[in-house]
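Enquirer: One file: run_23.cif (mmCIF, C-alpha atoms).
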data_model
#
loop_
_atom_site.group_PDB
_atom_site.id
_atom_site.type_symbol
_atom_site.label_atom_id
_atom_site.label_comp_id
_atom_site.auth_asym_id
_atom_site.auth_seq_id
_atom_site.Cartn_x
_atom_site.Cartn_y
_atom_site.Cartn_z
ATOM 1 C CA MET V 1 88.677 111.240 105.470
ATOM 2 C CA LYS V 2 86.764 111.484 108.753
ATOM 3 C CA ILE V 3 83.094 110.443 108.742
ATOM 4 C CA ALA V 4 80.446 110.559 111.459
ATOM 5 C CA ALA V 5 77.744 107.968 110.756
ATOM 6 C CA LEU V 6 74.226 107.580 112.133
ATOM 7 C CA ASP V 7 71.567 104.888 111.790
ATOM 8 C CA SER V 8 68.181 104.975 113.513
ATOM 9 C CA SER V 9 66.232 103.250 110.740
ATOM 10 C CA GLY V 10 65.247 100.194 112.788
ATOM 11 C CA LEU V 11 65.094 99.024 116.391
ATOM 12 C CA VAL V 12 68.815 99.712 116.785
ATOM 13 C CA ALA V 13 70.298 103.158 117.351
ATOM 14 C CA THR V 14 73.955 103.374 116.346
ATOM 15 C CA VAL V 15 76.590 106.057 115.799
ATOM 16 C CA ALA V 16 80.214 105.744 114.690
ATOM 17 C CA VAL V 17 83.244 107.715 113.590
ATOM 18 C CA THR V 18 85.783 106.436 111.075
ATOM 19 C CA GLU V 19 88.964 108.105 109.862
ATOM 20 C CA ASN V 20 91.015 106.949 106.881
ATOM 21 C CA GLY V 21 89.697 103.404 107.073
ATOM 22 C CA VAL V 22 89.987 103.102 110.869
ATOM 23 C CA LEU V 23 87.005 102.842 113.226
ATOM 24 C CA THR V 24 87.790 105.240 116.067
ATOM 25 C CA GLY V 25 84.547 104.806 117.966
ATOM 26 C CA GLU V 26 81.105 103.219 117.808
ATOM 27 C CA TYR V 27 78.103 103.243 120.145
ATOM 28 C CA THR V 28 75.164 100.919 119.520
ATOM 29 C CA THR V 29 72.054 100.176 121.544
ATOM 30 C CA ASN V 30 69.112 97.871 120.917
ATOM 31 C CA TYR V 31 66.741 98.805 123.693
ATOM 32 C CA LYS V 32 63.177 100.019 124.186
ATOM 33 C CA LYS V 33 64.060 103.721 124.495
ATOM 34 C CA THR V 34 63.080 105.900 121.553
ATOM 35 C CA HIS V 35 65.774 107.116 119.187
ATOM 36 C CA SER V 36 64.914 110.697 120.087
ATOM 37 C CA GLN V 37 66.113 109.827 123.613
ATOM 38 C CA THR V 38 69.285 108.043 122.561
ATOM 39 C CA LEU V 39 70.807 109.224 119.278
ATOM 40 C CA LEU V 40 72.211 112.633 120.227
ATOM 41 C CA PRO V 41 73.293 111.545 123.759
ATOM 42 C CA MET V 42 75.125 108.581 122.183
ATOM 43 C CA LEU V 43 76.898 110.868 119.716
ATOM 44 C CA ASP V 44 77.786 113.266 122.528
ATOM 45 C CA GLU V 45 79.200 110.418 124.652
ATOM 46 C CA LEU V 46 81.184 109.062 121.701
ATOM 47 C CA LYS V 47 82.491 112.557 120.980
ATOM 48 C CA ARG V 48 83.675 112.833 124.592
ATOM 49 C CA MET V 49 85.284 109.383 124.688
ATOM 50 C CA ILE V 50 87.390 109.880 121.557
ATOM 51 C CA ASP V 51 88.053 113.618 122.034
ATOM 52 C CA LEU V 52 86.253 114.410 118.804
ATOM 53 C CA GLU V 53 85.895 117.959 117.555
ATOM 54 C CA LEU V 54 82.799 117.829 115.362
ATOM 55 C CA GLU V 55 84.236 120.574 113.171
ATOM 56 C CA SER V 56 86.988 118.133 112.154
ATOM 57 C CA ILE V 57 84.681 115.687 110.380
ATOM 58 C CA ASP V 58 84.460 115.815 106.593
ATOM 59 C CA ALA V 59 80.951 114.412 106.119
ATOM 60 C CA ILE V 60 77.955 112.870 107.873
ATOM 61 C CA ALA V 61 76.758 109.485 106.628
ATOM 62 C CA ILE V 62 73.147 108.577 107.404
ATOM 63 C CA ALA V 63 71.102 105.431 106.801
ATOM 64 C CA LYS V 64 68.543 106.996 104.466
ATOM 65 C CA GLY V 65 65.946 104.217 104.536
ATOM 66 C CA PRO V 66 63.892 102.197 104.258
ATOM 67 C CA GLY V 67 62.931 101.483 107.828
ATOM 68 C CA SER V 68 60.816 102.816 110.661
ATOM 69 C CA PHE V 69 59.156 106.049 109.549
ATOM 70 C CA THR V 70 59.702 107.630 112.958
ATOM 71 C CA GLY V 71 63.276 106.380 113.216
ATOM 72 C CA LEU V 72 64.147 107.654 109.751
ATOM 73 C CA ARG V 73 62.703 111.081 110.531
ATOM 74 C CA ILE V 74 64.733 111.298 113.745
ATOM 75 C CA GLY V 75 67.926 110.249 111.971
ATOM 76 C CA ALA V 76 67.332 112.646 109.089
ATOM 77 C CA ALA V 77 66.580 115.563 111.417
ATOM 78 C CA THR V 78 69.732 114.844 113.429
ATOM 79 C CA ALA V 79 71.939 114.542 110.342
ATOM 80 C CA LYS V 80 70.443 117.663 108.731
ATOM 81 C CA GLY V 81 70.897 119.692 111.913
ATOM 82 C CA LEU V 82 74.531 118.666 112.260
ATOM 83 C CA ALA V 83 75.255 119.166 108.569
ATOM 84 C CA GLN V 84 73.736 122.623 108.557
ATOM 85 C CA ALA V 85 75.473 123.732 111.745
ATOM 86 C CA LEU V 86 78.866 122.359 110.660
ATOM 87 C CA GLU V 87 78.445 123.171 106.956
ATOM 88 C CA LYS V 88 79.265 119.583 106.016
ATOM 89 C CA PRO V 89 77.766 117.314 103.322
ATOM 90 C CA ILE V 90 75.397 114.433 104.027
ATOM 91 C CA ILE V 91 76.043 111.028 102.471
ATOM 92 C CA PRO V 92 72.769 109.062 102.098
ATOM 93 C CA VAL V 93 73.424 105.321 102.483
ATOM 94 C CA PRO V 94 70.727 102.744 101.655
ATOM 95 C CA THR V 95 69.760 101.078 104.942
ATOM 96 C CA VAL V 96 69.553 97.517 103.633
ATOM 97 C CA ASP V 97 72.894 97.817 101.814
ATOM 98 C CA ALA V 98 74.598 98.868 105.045
ATOM 99 C CA LEU V 99 72.949 96.016 106.942
ATOM 100 C CA ALA V 100 74.225 93.524 104.362
ATOM 101 C CA TYR V 101 77.764 94.892 104.769
ATOM 102 C CA ASN V 102 77.854 93.330 108.252
ATOM 103 C CA LEU V 103 78.623 90.002 106.570
ATOM 104 C CA TYR V 104 81.725 91.199 104.707
ATOM 105 C CA GLY V 105 83.721 88.290 103.324
ATOM 106 C CA THR V 106 81.027 85.642 103.017
ATOM 107 C CA ASP V 107 80.606 83.880 99.689
ATOM 108 C CA LYS V 108 76.940 83.139 100.429
ATOM 109 C CA LEU V 109 73.910 85.115 99.295
ATOM 110 C CA ILE V 110 73.096 87.803 101.884
ATOM 111 C CA CYS V 111 69.474 88.619 102.645
ATOM 112 C CA PRO V 112 68.816 91.349 105.228
ATOM 113 C CA ILE V 113 65.199 91.531 106.405
ATOM 114 C CA MET V 114 63.666 94.352 108.428
ATOM 115 C CA ASP V 115 60.141 94.083 109.749
ATOM 116 C CA ALA V 116 57.973 96.396 107.615
ATOM 117 C CA ARG V 117 54.694 95.321 109.273
ATOM 118 C CA ARG V 118 51.601 94.277 107.304
ATOM 119 C CA SER V 119 53.315 90.876 106.671
ATOM 120 C CA GLN V 120 56.057 92.577 104.658
ATOM 121 C CA VAL V 121 59.815 93.015 105.009
ATOM 122 C CA TYR V 122 62.283 95.565 103.745
ATOM 123 C CA THR V 123 64.871 93.443 102.030
ATOM 124 C CA GLY V 124 67.413 93.068 99.238
ATOM 125 C CA LEU V 125 69.857 90.433 97.979
ATOM 126 C CA TYR V 126 73.634 90.831 97.919
ATOM 127 C CA HIS V 127 76.907 89.085 97.122
ATOM 128 C CA PHE V 128 80.457 90.101 97.849
ATOM 129 C CA VAL V 129 82.412 90.091 94.601
ATOM 130 C CA LYS V 130 86.173 89.653 94.513
ATOM 131 C CA LYS V 131 88.099 92.340 92.659
ATOM 132 C CA ASP V 132 91.581 91.086 91.769
ATOM 133 C CA ALA V 133 94.511 93.452 91.972
ATOM 134 C CA GLY V 134 97.557 91.199 91.990
ATOM 135 C CA GLN V 135 98.339 89.630 95.353
ATOM 136 C CA GLU V 136 96.025 92.007 97.200
ATOM 137 C CA PHE V 137 92.343 91.862 96.351
ATOM 138 C CA THR V 138 89.256 93.712 97.492
ATOM 139 C CA LEU V 139 85.668 92.667 98.021
ATOM 140 C CA GLU V 140 82.838 94.832 96.770
ATOM 141 C CA LEU V 141 79.190 94.564 97.759
ATOM 142 C CA HIS V 142 77.180 93.683 94.643
ATOM 143 C CA THR V 143 73.418 94.192 94.632
ATOM 144 C CA GLU V 144 71.513 91.212 93.215
ATOM 145 C CA MET V 145 68.104 92.662 94.112
ATOM 146 C CA ALA V 146 67.752 96.302 95.146
ATOM 147 C CA GLN V 147 66.166 97.113 98.500
ATOM 148 C CA CYS V 148 62.396 96.876 98.392
ATOM 149 C CA ALA V 149 59.284 96.093 100.449
ATOM 150 C CA ILE V 150 57.765 92.684 99.699
ATOM 151 C CA SER V 151 55.947 89.889 101.516
ATOM 152 C CA VAL V 152 57.858 87.037 103.129
ATOM 153 C CA GLN V 153 56.031 84.671 100.759
ATOM 154 C CA GLU V 154 57.344 86.583 97.723
ATOM 155 C CA LEU V 155 60.852 86.676 99.155
ATOM 156 C CA ALA V 156 60.873 82.922 99.773
ATOM 157 C CA GLU V 157 59.701 82.271 96.214
ATOM 158 C CA ILE V 158 62.536 84.431 94.832
ATOM 159 C CA LEU V 159 65.121 82.640 96.978
ATOM 160 C CA ASN V 160 63.797 79.190 96.055
ATOM 161 C CA VAL V 161 64.084 80.032 92.355
ATOM 162 C CA ARG V 162 67.669 81.265 92.807
ATOM 163 C CA GLY V 163 68.584 78.016 94.576
ATOM 164 C CA GLU V 164 71.518 79.460 96.546
ATOM 165 C CA GLU V 165 72.595 79.127 100.149
ATOM 166 C CA VAL V 166 71.500 82.249 101.996
ATOM 167 C CA ILE V 167 72.291 84.068 105.234
ATOM 168 C CA PHE V 168 69.559 86.157 106.877
ATOM 169 C CA LEU V 169 70.077 89.043 109.280
ATOM 170 C CA GLY V 170 68.076 91.967 110.615
ATOM 171 C CA ASP V 171 65.242 92.657 113.045
ATOM 172 C CA GLY V 172 62.821 90.815 110.765
ATOM 173 C CA VAL V 173 64.444 87.470 111.583
ATOM 174 C CA PRO V 174 62.761 86.933 115.003
ATOM 175 C CA VAL V 175 59.420 87.939 113.487
ATOM 176 C CA TYR V 176 59.525 85.771 110.358
ATOM 177 C CA ALA V 177 61.974 82.948 111.164
ATOM 178 C CA SER V 178 59.193 80.374 111.553
ATOM 179 C CA ALA V 179 57.585 81.367 108.258
ATOM 180 C CA LEU V 180 60.933 81.199 106.460
ATOM 181 C CA ARG V 181 61.591 77.719 107.833
ATOM 182 C CA GLU V 182 58.289 76.565 106.379
ATOM 183 C CA LEU V 183 58.632 78.300 103.006
ATOM 184 C CA LEU V 184 62.288 77.888 102.063
ATOM 185 C CA LYS V 185 63.594 74.986 99.980
ATOM 186 C CA VAL V 186 67.221 76.158 99.934
ATOM 187 C CA PRO V 187 69.933 75.887 102.631
ATOM 188 C CA PHE V 188 69.873 78.900 104.955
ATOM 189 C CA THR V 189 71.154 80.202 108.276
ATOM 190 C CA PHE V 190 70.608 83.192 110.541
ATOM 191 C CA ALA V 191 73.536 85.475 111.419
ATOM 192 C CA PRO V 192 74.566 85.527 115.123
ATOM 193 C CA ALA V 193 74.140 88.429 117.541
ATOM 194 C CA SER V 194 77.609 89.766 116.777
ATOM 195 C CA CYS V 195 76.640 90.808 113.246
ATOM 196 C CA ASN V 196 72.848 90.650 112.799
ATOM 197 C CA ARG V 197 71.780 94.253 113.399
ATOM 198 C CA GLN V 198 72.572 97.703 112.023
ATOM 199 C CA ARG V 199 76.036 99.111 112.676
ATOM 200 C CA ALA V 200 76.955 102.727 112.013
ATOM 201 C CA ALA V 201 80.475 101.577 111.125
ATOM 202 C CA CYS V 202 79.037 99.877 108.028
ATOM 203 C CA VAL V 203 77.149 103.065 107.167
ATOM 204 C CA ALA V 204 80.436 104.967 107.443
ATOM 205 C CA VAL V 205 82.371 102.538 105.227
ATOM 206 C CA LEU V 206 79.744 102.558 102.475
ATOM 207 C CA GLY V 207 79.363 106.299 102.942
ATOM 208 C CA GLU V 208 83.017 106.883 102.148
ATOM 209 C CA LYS V 209 82.726 104.763 98.996
ATOM 210 C CA LEU V 210 79.694 106.777 97.872
ATOM 211 C CA PHE V 211 81.450 110.055 98.636
ATOM 212 C CA GLU V 212 84.357 109.030 96.423
ATOM 213 C CA LYS V 213 81.823 108.546 93.616
ATOM 214 C CA GLY V 214 80.471 112.047 94.162
ATOM 215 C CA ILE V 215 77.255 110.902 95.856
ATOM 216 C CA PHE V 216 76.442 113.350 98.655
ATOM 217 C CA GLN V 217 73.918 116.082 99.458
ATOM 218 C CA THR V 218 73.442 119.328 101.298
ATOM 219 C CA ALA V 219 71.347 119.415 104.456
ATOM 220 C CA ALA V 220 68.535 121.073 102.498
ATOM 221 C CA GLU V 221 68.553 118.348 99.835
ATOM 222 C CA HIS V 222 68.437 115.342 102.142
ATOM 223 C CA ALA V 223 65.191 113.436 102.728
ATOM 224 C CA PRO V 224 64.556 109.864 103.949
ATOM 225 C CA ASP V 225 63.707 107.128 101.448
ATOM 226 C CA TYR V 226 60.604 105.467 102.895
ATOM 227 C CA LEU V 227 59.993 103.135 99.901
ATOM 228 C CA ARG V 228 56.270 103.081 100.653
ATOM 229 C CA LEU V 229 53.527 105.266 102.096
ATOM 230 C CA SER V 230 53.054 105.602 105.840
ATOM 231 C CA GLN V 231 49.953 104.139 107.489
ATOM 232 C CA ALA V 232 48.451 107.619 107.856
ATOM 233 C CA GLU V 233 49.032 108.344 104.151
ATOM 234 C CA ARG V 234 47.531 104.992 103.132
ATOM 235 C CA GLU V 235 44.470 105.585 105.304
ATOM 236 C CA ARG V 236 44.031 109.089 103.856
ATOM 237 C CA MET V 237 44.227 107.735 100.296
ATOM 238 C CA GLU V 238 41.730 104.986 101.118
ATOM 239 C CA ALA V 239 39.386 107.576 102.650
ATOM 240 C CA ASP V 240 39.729 109.786 99.560
ATOM 241 C CA GLU V 241 38.989 106.835 97.269
ATOM 242 C CA ALA V 242 35.938 105.881 99.343
ATOM 243 C CA LYS V 243 34.690 109.475 99.200
ATOM 244 C CA LYS V 244 35.138 109.616 95.407
ATOM 245 C CA LYS V 245 33.284 106.321 95.033
ATOM 246 C CA GLN V 246 30.422 107.609 97.164
ATOM 247 C CA LEU V 247 30.194 110.829 95.127
ATOM 248 C CA ASN V 248 30.176 108.841 91.875
ATOM 249 C CA GLN V 249 27.387 106.649 93.186
ATOM 250 C CA MET V 250 25.374 109.733 94.159
ATOM 251 C CA GLU V 251 25.873 111.251 90.691
ATOM 252 C CA THR V 252 24.802 108.000 89.062
ATOM 253 C CA ALA V 253 21.681 107.852 91.222
ATOM 254 C CA LYS V 254 20.731 111.426 90.230
ATOM 255 C CA ASN V 255 20.998 110.588 86.551
#
Could you rewrite the structure in this file as structure tokens?

Expert:
Amino acid sequence: MKIAALDSSGLVATVAVTENGVLTGEYTTNYKKTHSQTLLPMLDELKRMIDLELESIDAIAIAKGPGSFTGLRIGAATAKGLAQALEKPIIPVPTVDALAYNLYGTDKLICPIMDARRSQVYTGLYHFVKKDAGQEFTLELHTEMAQCAISVQELAEILNVRGEEVIFLGDGVPVYASALRELLKVPFTFAPASCNRQRAACVAVLGEKLFEKGIFQTAAEHAPDYLRLSQAERERMEADEAKKKQLNQMETAKN
């Protein structure tokens, strides 16, 4: 199976192509350019370098969220456009799951953290579980806590209660490393640069596993999973609530 994978959910923009368990190409950048400037040119360059005919791919895997609202919209629009033009299915892969997959093989608790602003992180907790099959075994990513948006304080409390050694990775580490050092009572470490950011190859691998389980969508069906309201939506709701309160007060005064 040949999969083209995209991830623009965070600061990193990354694209990859895998075929039958082999990574044939990957292009990743972590720079200040917007994903609208980089994602399609990166895919086009990768296509050229590996002589890829887009019509030959079987599916498009996309990091569906959570993450940057703008980044998710760009990734979704790109995936939907390709899927519609090529008449291929989209495989929606949870962003935090794919980030955790970077640490394949560790026996420690994995805790990806993405900066969600407002003193919160997008996070989840994961273990790799050994599946015995005679001499050859496989490792499967097991979700201990599904991806969510919580405060760093809440996350530290959860980890302290669990009492396990933990490895952190993600763009939230530089932002919240100092706070974690103060709050944590368990052994911890931060993943190195070689495996601490999103990789489209991980999106592709998990995407293939999901596809085998029958989890995929049409271009029309796909939508990002934001996990929480955008700032504009929150402000609109707050304004609506304030307006309702004012109207209620006016009605009360009349009576």

Enquirer: For a test of reading the model, state the distance in Å between atom CA of V:Thr14 and atom CA of V:Glu26, rounded to one decimal.

Expert: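 Taking atom CA of V:Thr14 and atom CA of V:Glu26, their separation equals 7.3 Å.
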
Enquirer: Counting all atoms listed in the file, figure out which residue out of V:Gly214, V:His222, V:Arg228, V:Arg181 gets nearest to V:Lys80.

Expert: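 Counting all atoms listed in the file, the residue closest to V:Lys80 is V:His222.
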
Enquirer: Find the residues around V:Arg117 up to 12 Å (only C-alpha atoms counted), leave out those fewer than 2 positions away in its own chain, and share them as a PyMOL selection string.

Expert: chain V and resi 67-69+113-115+119-122+149-152+171-172+175-176+228+230-231

Enquirer: Listed atoms of stretch 178-182 of chain V, axis-aligned box, 3 Å per side: centre and edge lengths to one decimal in Å, as JSON?

Expert:
{"center_x": 59.6, "center_y": 79.0, "center_z": 109.0, "size_x": 10.0, "size_y": 10.8, "size_z": 11.2}

Enquirer: Go through V:Asn160, V:Thr138, V:Asn20, V:Asn102 one by one, measure the shortest atom-to-atom distance of each to V:Asn196 using only C-alpha atoms, and give the residue with the smallest value.

Expert: V:Asn102

Enquirer: Could you check how far atom CA of V:Leu183 sits from atom CA of V:Leu109, in Å to one decimal?

Expert: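 Separation of atom CA of V:Leu183 and atom CA of V:Leu109: 17.1 Å.
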
Enquirer: What would stretch 126-146 of chain V look like with N, CA and C atoms in place, written as a short mmCIF file (atom, residue, chain, number, x, y, z; two decimals), in the frame of the given file?

Expert:
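The result, written out as result_21.cif:
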data_model
loop_
_atom_site.label_atom_id
_atom_site.label_comp_id
_atom_site.auth_asym_id
_atom_site.auth_seq_id
_atom_site.Cartn_x
_atom_site.Cartn_y
_atom_site.Cartn_z
N TYR V 126 72.27 90.34 98.14
CA TYR V 126 73.63 90.83 97.92
C TYR V 126 74.65 89.69 97.87
N HIS V 127 75.72 89.93 97.13
CA HIS V 127 76.91 89.08 97.12
C HIS V 127 78.13 89.98 97.32
N PHE V 128 79.17 89.43 97.89
CA PHE V 128 80.46 90.10 97.85
C PHE V 128 81.23 89.55 96.66
N VAL V 129 81.72 90.47 95.82
CA VAL V 129 82.41 90.09 94.60
C VAL V 129 83.89 90.43 94.74
N LYS V 130 84.73 89.46 94.41
CA LYS V 130 86.17 89.65 94.51
C LYS V 130 86.70 90.47 93.34
N LYS V 131 87.45 91.52 93.67
CA LYS V 131 88.10 92.34 92.66
C LYS V 131 89.60 92.11 92.74
N ASP V 132 90.15 91.42 91.75
CA ASP V 132 91.58 91.09 91.77
C ASP V 132 92.44 92.31 91.47
N ALA V 133 93.53 92.39 92.21
CA ALA V 133 94.51 93.45 91.97
C ALA V 133 95.87 92.90 92.35
N GLY V 134 96.30 91.86 91.64
CA GLY V 134 97.56 91.20 91.99
C GLY V 134 97.39 90.36 93.24
N GLN V 135 98.38 90.42 94.12
CA GLN V 135 98.34 89.63 95.35
C GLN V 135 97.24 90.12 96.29
N GLU V 136 97.06 91.43 96.33
CA GLU V 136 96.02 92.01 97.20
C GLU V 136 94.73 92.17 96.42
N PHE V 137 93.64 91.71 97.00
CA PHE V 137 92.34 91.86 96.35
C PHE V 137 91.37 92.58 97.28
N THR V 138 90.30 93.06 96.71
CA THR V 138 89.26 93.71 97.49
C THR V 138 87.94 93.01 97.25
N LEU V 139 87.01 93.20 98.16
CA LEU V 139 85.67 92.67 98.02
C LEU V 139 84.70 93.83 97.93
N GLU V 140 83.83 93.79 96.94
CA GLU V 140 82.84 94.83 96.77
C GLU V 140 81.44 94.25 96.91
N LEU V 141 80.57 95.01 97.58
CA LEU V 141 79.19 94.56 97.76
C LEU V 141 78.43 94.75 96.45
N HIS V 142 77.93 93.65 95.91
CA HIS V 142 77.18 93.68 94.64
C HIS V 142 75.70 93.44 94.93
N THR V 143 74.86 94.31 94.42
CA THR V 143 73.42 94.19 94.63
C THR V 143 72.79 93.25 93.61
N GLU V 144 72.22 92.16 94.08
CA GLU V 144 71.51 91.21 93.22
C GLU V 144 70.04 91.60 93.07
N MET V 145 69.48 92.15 94.13
CA MET V 145 68.10 92.66 94.11
C MET V 145 68.07 93.90 94.99
N ALA V 146 67.73 95.04 94.41
CA ALA V 146 67.75 96.30 95.15
C ALA V 146 66.75 96.29 96.30
#
